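Presented below is the structure to which this report refers.
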Amino acid sequence: MGRRNDELNSVLSHRLILLLVCLASGGLVYGLLSAVLAIGRSRVSDYGRFVGEGMAVENEGGCCRGIENLELWGAAVKWGSEFKFNNSEGCCNACKSMCSGKDGPCLCDTWVFCGNRKACGSKFGECWLKKQKDSLAPERQDGVPPGEVVGWTSGLIFGKGEGIIGLETEHGTLHIKLLPDCAPHSVAYILELLSLNHCAGCQFYRAEGRGQSWDSEGNHIENAGFGPPYALIQGTLEAQGTAFNKPPVEDCPTLRRGSVAWIGSGPEFFISLGDHSEWKHEYTVFGSVLPEDMHIAEKISKLPTIPDVWNNVNVTVLEKPVPLLVRRIRKSHVDEI
């Protein structure tokens, strides 16, 4: 019996040691991953690593997001008293169905859904489809007392030639198609900047070319690394004298060449010069640079830079930051898009 107990104790001891080794190894791996994931949470993120802030999942079928507690006005093209849905997505899709996509602007660019059963009462489920006089300056209900619950959820839909703004620089203007159905809070902030007619302090300050890792169309080259350089230009969209209210994490699709996305919840942002599937679903994308303007982003990425180190990662920052302005686009140009 004593010998058997010794053998049993020996086996248990070996198993215990093996368990402790596994736990220790797992702890090291977890610690390493935690350190990598934590890098992107500072003001200037490390684009060569993953960050842990993304919450949304790419919606392959398209987005239908709106802003709660908001009632947008406008000329009604469908009366909600006779048009009801069980959820806001149905209302949003009804508005989208009035966009032909290839033939021109949407007949409906605004949807308003009453989804708060208590606040809406008999209006619960109403879906109002509307058309704005100016889709970049939508009319909204004013005079709502502070703290009062508005039962409505509202969203914008931009059709062909609509929802395009310009980031004007000395090197040219980047025309950007905004995505309010995927990132409504983010787009609302951009429209606020647009109304200011200035963007003092807005600029590009970091430039990283495609290097040997991405081709001219943004495709990642097989067996190549993922940087540095990281194929992006980075800047800030915080106008001096204007309070920046961080938007929530919104739709985080796979980043493609031309994607315009926040770092965390902004106001730092970047334009991707290549496809970045390695970054998974980590960044809220609120716009996309029109393909014909990507040469301007490429030009900025090739400006003189100096090396720097952010969170133990080698980056390149512009010797001279490039100021930018958020501009409206002339209707004549939009009609061609």
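Following the order of the structure tokens, first chain is A, next is B, and so on, with residues numbered from 1 inside each chain and ligands from 1 in the order they appear.
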
Go through range 239-328 of chain A and collect every residue that DSSP, computed from the backbone, puts in helix (DSSP H, G or I); the answer should be as a PyMOL selection string. chain A and resi 277-279+291-301

Mind dumping the selected residues with all heavy atoms as a short mmCIF file (atom, residue, chain, number, x, y, z; two decimals), in the first residue's frame?
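Produced file selection.cif, reproduced below:
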data_model
loop_
_atom_site.label_atom_id
_atom_site.label_comp_id
_atom_site.auth_asym_id
_atom_site.auth_seq_id
_atom_site.Cartn_x
_atom_site.Cartn_y
_atom_site.Cartn_z
N SER A 277 -6.97 43.85 -43.59
CA SER A 277 -7.75 42.77 -42.97
C SER A 277 -7.12 42.31 -41.67
O SER A 277 -7.79 41.76 -40.81
CB SER A 277 -7.86 41.58 -43.94
OG SER A 277 -6.57 41.09 -44.29
N GLU A 278 -5.81 42.59 -41.51
CA GLU A 278 -5.13 42.15 -40.29
C GLU A 278 -5.58 42.93 -39.07
O GLU A 278 -5.37 42.50 -37.93
CB GLU A 278 -3.60 42.29 -40.46
CG GLU A 278 -3.03 43.69 -40.33
CD GLU A 278 -3.14 44.53 -41.60
OE1 GLU A 278 -3.89 44.12 -42.52
OE2 GLU A 278 -2.50 45.58 -41.67
N TRP A 279 -6.24 44.07 -39.27
CA TRP A 279 -6.73 44.86 -38.15
C TRP A 279 -8.14 44.46 -37.74
O TRP A 279 -8.73 45.10 -36.85
CB TRP A 279 -6.67 46.36 -38.50
CG TRP A 279 -5.27 46.89 -38.58
CD1 TRP A 279 -4.14 46.30 -38.07
CD2 TRP A 279 -4.85 48.10 -39.21
NE1 TRP A 279 -3.04 47.08 -38.36
CE2 TRP A 279 -3.44 48.18 -39.05
CE3 TRP A 279 -5.52 49.11 -39.89
CZ2 TRP A 279 -2.69 49.25 -39.55
CZ3 TRP A 279 -4.77 50.17 -40.39
CH2 TRP A 279 -3.37 50.24 -40.22
N PRO A 291 -12.27 57.00 -55.22
CA PRO A 291 -11.06 56.40 -55.81
C PRO A 291 -10.21 57.37 -56.61
O PRO A 291 -8.98 57.32 -56.57
CB PRO A 291 -11.64 55.28 -56.71
CG PRO A 291 -12.93 54.91 -56.06
CD PRO A 291 -13.48 56.20 -55.53
N GLU A 292 -10.86 58.29 -57.34
CA GLU A 292 -10.10 59.22 -58.18
C GLU A 292 -9.30 60.24 -57.39
O GLU A 292 -8.47 60.97 -57.96
CB GLU A 292 -11.03 59.95 -59.16
CG GLU A 292 -12.15 60.74 -58.50
CD GLU A 292 -13.45 59.94 -58.38
OE1 GLU A 292 -13.37 58.71 -58.20
OE2 GLU A 292 -14.52 60.56 -58.48
N ASP A 293 -9.53 60.31 -56.07
CA ASP A 293 -8.79 61.26 -55.23
C ASP A 293 -7.70 60.60 -54.39
O ASP A 293 -7.00 61.29 -53.64
CB ASP A 293 -9.76 62.00 -54.29
CG ASP A 293 -10.61 63.02 -55.02
OD1 ASP A 293 -10.25 63.40 -56.16
OD2 ASP A 293 -11.62 63.46 -54.46
N MET A 294 -7.55 59.29 -54.51
CA MET A 294 -6.55 58.62 -53.67
C MET A 294 -5.12 59.04 -54.00
O MET A 294 -4.22 58.92 -53.16
CB MET A 294 -6.69 57.10 -53.79
CG MET A 294 -7.85 56.52 -52.99
SD MET A 294 -7.76 56.91 -51.22
CE MET A 294 -6.28 56.02 -50.73
N HIS A 295 -4.91 59.58 -55.21
CA HIS A 295 -3.56 60.05 -55.54
C HIS A 295 -3.15 61.22 -54.64
O HIS A 295 -1.96 61.43 -54.40
CB HIS A 295 -3.49 60.46 -57.02
CG HIS A 295 -4.24 61.73 -57.34
ND1 HIS A 295 -5.61 61.75 -57.51
CD2 HIS A 295 -3.81 63.00 -57.50
CE1 HIS A 295 -6.00 62.99 -57.79
NE2 HIS A 295 -4.93 63.77 -57.78
N ILE A 296 -4.14 61.98 -54.13
CA ILE A 296 -3.83 63.08 -53.22
C ILE A 296 -3.35 62.53 -51.88
O ILE A 296 -2.37 63.02 -51.30
CB ILE A 296 -5.07 63.98 -53.03
CG1 ILE A 296 -5.50 64.58 -54.37
CG2 ILE A 296 -4.79 65.09 -52.02
CD1 ILE A 296 -6.82 65.33 -54.32
N ALA A 297 -4.04 61.50 -51.39
CA ALA A 297 -3.61 60.86 -50.14
C ALA A 297 -2.21 60.26 -50.31
O ALA A 297 -1.37 60.34 -49.41
CB ALA A 297 -4.61 59.79 -49.72
N GLU A 298 -1.97 59.65 -51.48
CA GLU A 298 -0.65 59.08 -51.76
C GLU A 298 0.42 60.17 -51.78
O GLU A 298 1.53 59.98 -51.28
CB GLU A 298 -0.67 58.34 -53.10
CG GLU A 298 -1.53 57.09 -53.13
CD GLU A 298 -0.83 55.89 -52.51
OE1 GLU A 298 0.32 56.02 -52.07
OE2 GLU A 298 -1.47 54.82 -52.45
N LYS A 299 0.07 61.33 -52.34
CA LYS A 299 1.01 62.44 -52.40
C LYS A 299 1.40 62.91 -51.00
O LYS A 299 2.57 63.16 -50.71
CB LYS A 299 0.40 63.60 -53.20
CG LYS A 299 1.33 64.78 -53.40
CD LYS A 299 0.66 65.85 -54.26
CE LYS A 299 1.59 67.04 -54.47
NZ LYS A 299 0.96 68.09 -55.33
N ILE A 300 0.38 63.00 -50.12
CA ILE A 300 0.66 63.41 -48.73
C ILE A 300 1.54 62.38 -48.04
O ILE A 300 2.43 62.73 -47.26
CB ILE A 300 -0.67 63.61 -47.97
CG1 ILE A 300 -1.44 64.80 -48.57
CG2 ILE A 300 -0.41 63.84 -46.48
CD1 ILE A 300 -2.83 64.99 -48.00
N SER A 301 1.33 61.11 -48.35
CA SER A 301 2.11 60.05 -47.70
C SER A 301 3.58 60.08 -48.09
O SER A 301 4.43 59.49 -47.42
CB SER A 301 1.52 58.67 -48.04
OG SER A 301 1.86 58.27 -49.36
#

If we count only C-alpha atoms, what is near Leu72 in chain A at a cut-off of 10 Å, once residues fewer than 6 positions away on the same chain are taken out, given as a VMD selection string? chain A and resid 110 to 113 128 130 132 138 to 142 152 to 156

Kindly save the residues from that selection, with all heavy atoms included, as a short mmCIF file (atom, residue, chain, number, x, y, z; two decimals), in the first residue's frame.
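This is the output file result_7.cif:
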data_model
loop_
_atom_site.label_atom_id
_atom_site.label_comp_id
_atom_site.auth_asym_id
_atom_site.auth_seq_id
_atom_site.Cartn_x
_atom_site.Cartn_y
_atom_site.Cartn_z
N THR A 110 -34.26 60.65 -45.44
CA THR A 110 -34.41 60.70 -43.99
C THR A 110 -35.51 59.75 -43.54
O THR A 110 -36.60 59.75 -44.12
CB THR A 110 -34.78 62.13 -43.52
OG1 THR A 110 -33.79 63.06 -44.00
CG2 THR A 110 -34.85 62.21 -41.99
N TRP A 111 -35.21 58.95 -42.54
CA TRP A 111 -36.26 58.11 -41.94
C TRP A 111 -36.37 58.44 -40.46
O TRP A 111 -35.38 58.72 -39.79
CB TRP A 111 -35.97 56.63 -42.16
CG TRP A 111 -34.64 56.14 -41.62
CD1 TRP A 111 -33.45 56.09 -42.29
CD2 TRP A 111 -34.38 55.62 -40.32
NE1 TRP A 111 -32.46 55.59 -41.48
CE2 TRP A 111 -33.01 55.28 -40.27
CE3 TRP A 111 -35.18 55.41 -39.18
CZ2 TRP A 111 -32.40 54.75 -39.12
CZ3 TRP A 111 -34.58 54.89 -38.04
CH2 TRP A 111 -33.21 54.56 -38.02
N VAL A 112 -37.60 58.45 -39.97
CA VAL A 112 -37.88 58.78 -38.57
C VAL A 112 -38.84 57.74 -38.02
O VAL A 112 -39.97 57.60 -38.51
CB VAL A 112 -38.48 60.20 -38.45
CG1 VAL A 112 -38.68 60.57 -36.99
CG2 VAL A 112 -37.58 61.23 -39.14
N PHE A 113 -38.41 57.04 -37.00
CA PHE A 113 -39.19 55.91 -36.46
C PHE A 113 -39.48 56.14 -34.98
O PHE A 113 -38.60 56.51 -34.21
CB PHE A 113 -38.38 54.61 -36.63
CG PHE A 113 -39.04 53.40 -36.02
CD1 PHE A 113 -40.13 52.80 -36.63
CD2 PHE A 113 -38.55 52.86 -34.84
CE1 PHE A 113 -40.72 51.68 -36.06
CE2 PHE A 113 -39.13 51.75 -34.27
CZ PHE A 113 -40.23 51.15 -34.88
N TRP A 128 -41.86 57.60 -40.64
CA TRP A 128 -42.00 58.74 -41.53
C TRP A 128 -40.78 58.79 -42.45
O TRP A 128 -39.65 58.78 -41.98
CB TRP A 128 -42.11 60.04 -40.74
CG TRP A 128 -43.40 60.18 -39.99
CD1 TRP A 128 -43.76 59.55 -38.84
CD2 TRP A 128 -44.51 61.00 -40.36
NE1 TRP A 128 -45.03 59.92 -38.45
CE2 TRP A 128 -45.52 60.81 -39.37
CE3 TRP A 128 -44.77 61.86 -41.42
CZ2 TRP A 128 -46.74 61.46 -39.42
CZ3 TRP A 128 -45.99 62.52 -41.46
CH2 TRP A 128 -46.97 62.32 -40.47
N LYS A 130 -38.81 61.01 -45.30
CA LYS A 130 -38.77 62.43 -45.61
C LYS A 130 -37.66 62.75 -46.60
O LYS A 130 -36.77 61.94 -46.85
CB LYS A 130 -38.58 63.24 -44.31
CG LYS A 130 -39.64 62.96 -43.26
CD LYS A 130 -39.41 63.74 -41.98
CE LYS A 130 -40.47 63.46 -40.94
NZ LYS A 130 -40.29 64.26 -39.69
N GLN A 132 -34.94 66.00 -47.33
CA GLN A 132 -34.40 67.25 -46.83
C GLN A 132 -34.17 68.25 -47.97
O GLN A 132 -33.87 67.88 -49.10
CB GLN A 132 -33.06 67.00 -46.13
CG GLN A 132 -33.13 66.10 -44.92
CD GLN A 132 -33.87 66.74 -43.75
OE1 GLN A 132 -33.84 67.97 -43.59
NE2 GLN A 132 -34.52 65.92 -42.95
N PRO A 138 -29.52 68.71 -42.23
CA PRO A 138 -30.89 68.25 -42.00
C PRO A 138 -31.61 69.05 -40.92
O PRO A 138 -31.00 69.44 -39.92
CB PRO A 138 -30.70 66.79 -41.59
CG PRO A 138 -29.31 66.72 -41.03
CD PRO A 138 -28.52 67.70 -41.85
N GLU A 139 -32.90 69.28 -41.14
CA GLU A 139 -33.71 69.99 -40.15
C GLU A 139 -34.01 69.06 -38.97
O GLU A 139 -34.27 67.87 -39.15
CB GLU A 139 -35.03 70.45 -40.76
CG GLU A 139 -34.89 71.43 -41.91
CD GLU A 139 -36.25 71.82 -42.47
OE1 GLU A 139 -37.08 72.33 -41.69
OE2 GLU A 139 -36.48 71.59 -43.67
N ARG A 140 -33.95 69.60 -37.79
CA ARG A 140 -34.24 68.80 -36.61
C ARG A 140 -35.17 69.57 -35.68
O ARG A 140 -35.27 70.79 -35.74
CB ARG A 140 -32.96 68.42 -35.87
CG ARG A 140 -32.13 69.61 -35.40
CD ARG A 140 -30.88 69.13 -34.67
NE ARG A 140 -31.23 68.41 -33.47
CZ ARG A 140 -30.35 67.68 -32.78
NH1 ARG A 140 -29.10 67.58 -33.19
NH2 ARG A 140 -30.72 67.05 -31.68
N GLN A 141 -35.84 68.82 -34.82
CA GLN A 141 -36.76 69.43 -33.87
C GLN A 141 -35.97 70.23 -32.85
O GLN A 141 -35.03 69.73 -32.25
CB GLN A 141 -37.60 68.36 -33.15
CG GLN A 141 -38.60 68.94 -32.17
CD GLN A 141 -39.30 67.86 -31.35
OE1 GLN A 141 -38.79 66.74 -31.24
NE2 GLN A 141 -40.45 68.19 -30.79
N ASP A 142 -36.35 71.48 -32.66
CA ASP A 142 -35.70 72.34 -31.68
C ASP A 142 -36.64 72.59 -30.50
O ASP A 142 -37.83 72.33 -30.57
CB ASP A 142 -35.30 73.68 -32.32
CG ASP A 142 -34.23 73.51 -33.39
OD1 ASP A 142 -33.33 72.69 -33.19
OD2 ASP A 142 -34.32 74.21 -34.42
N TRP A 152 -38.47 59.32 -30.82
CA TRP A 152 -38.11 59.05 -32.20
C TRP A 152 -36.64 58.69 -32.37
O TRP A 152 -35.78 59.18 -31.64
CB TRP A 152 -38.42 60.26 -33.07
CG TRP A 152 -39.86 60.67 -33.03
CD1 TRP A 152 -40.43 61.57 -32.18
CD2 TRP A 152 -40.92 60.18 -33.86
NE1 TRP A 152 -41.77 61.69 -32.41
CE2 TRP A 152 -42.11 60.84 -33.44
CE3 TRP A 152 -40.99 59.26 -34.90
CZ2 TRP A 152 -43.34 60.61 -34.04
CZ3 TRP A 152 -42.21 59.02 -35.50
CH2 TRP A 152 -43.37 59.69 -35.07
N THR A 153 -36.39 57.82 -33.33
CA THR A 153 -35.03 57.51 -33.78
C THR A 153 -34.96 57.93 -35.23
O THR A 153 -35.84 57.60 -36.03
CB THR A 153 -34.73 56.01 -33.65
OG1 THR A 153 -34.76 55.63 -32.27
CG2 THR A 153 -33.37 55.67 -34.24
N SER A 154 -33.90 58.66 -35.60
CA SER A 154 -33.79 59.19 -36.96
C SER A 154 -32.48 58.80 -37.61
O SER A 154 -31.46 58.62 -36.94
CB SER A 154 -33.91 60.72 -36.95
OG SER A 154 -35.16 61.15 -36.45
N GLY A 155 -32.51 58.71 -38.93
CA GLY A 155 -31.30 58.39 -39.67
C GLY A 155 -31.32 59.02 -41.06
O GLY A 155 -32.39 59.38 -41.58
N LEU A 156 -30.13 59.17 -41.63
CA LEU A 156 -29.99 59.73 -42.97
C LEU A 156 -29.56 58.65 -43.95
O LEU A 156 -28.87 57.69 -43.58
CB LEU A 156 -28.94 60.85 -42.98
CG LEU A 156 -29.26 62.12 -42.19
CD1 LEU A 156 -28.05 63.04 -42.18
CD2 LEU A 156 -30.47 62.84 -42.78
#

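If you measure from each of A:Cys127, A:Leu178, A:Cys108, A:Ile329 to Ser259 in chain A using only C-alpha atoms, the closest one turns out to be A:Leu178.
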
Report the closest atom pair, with its distance in Å rounded to one decimal, for each residue of range 252-289 of chain A that has an atom no farther than 7 Å from range 210-230 of chain A; count only C-alpha atoms, sort by chain and then rising residue number, and write it as a tab-separated table.
residue	atom	partner	partner_atom	distance
A:Arg257	CA	A:Gly218	CA	5.4
A:Leu273	CA	A:Gly218	CA	6.2
A:Gly274	CA	A:Gly218	CA	3.8
A:Asp275	CA	A:Gly218	CA	5.4

So how far away is CA of Leu303 in chain A from CA of Val317 in chain A, in Å? 9.6 Å

Backbone-only DSSP, strand (DSSP E) members of range 87-119 of chain A, as a PyMOL selection string: chain A and resi 110-114

Name all residues at most 9 Å from range 239-256 of chain A (count only C-alpha atoms; drop same-chain ones fewer than 5 positions away) and give them as a PyMOL selection string. chain A and resi 53-60+63+65+182-186+189+193+198-202+218-219+261+264-267+272-286+288

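Nearest to Ala137 in chain A of all the residues A:Gly80, A:Pro105, A:Gly163, A:Gly235 is A:Gly163, counting only C-alpha atoms.
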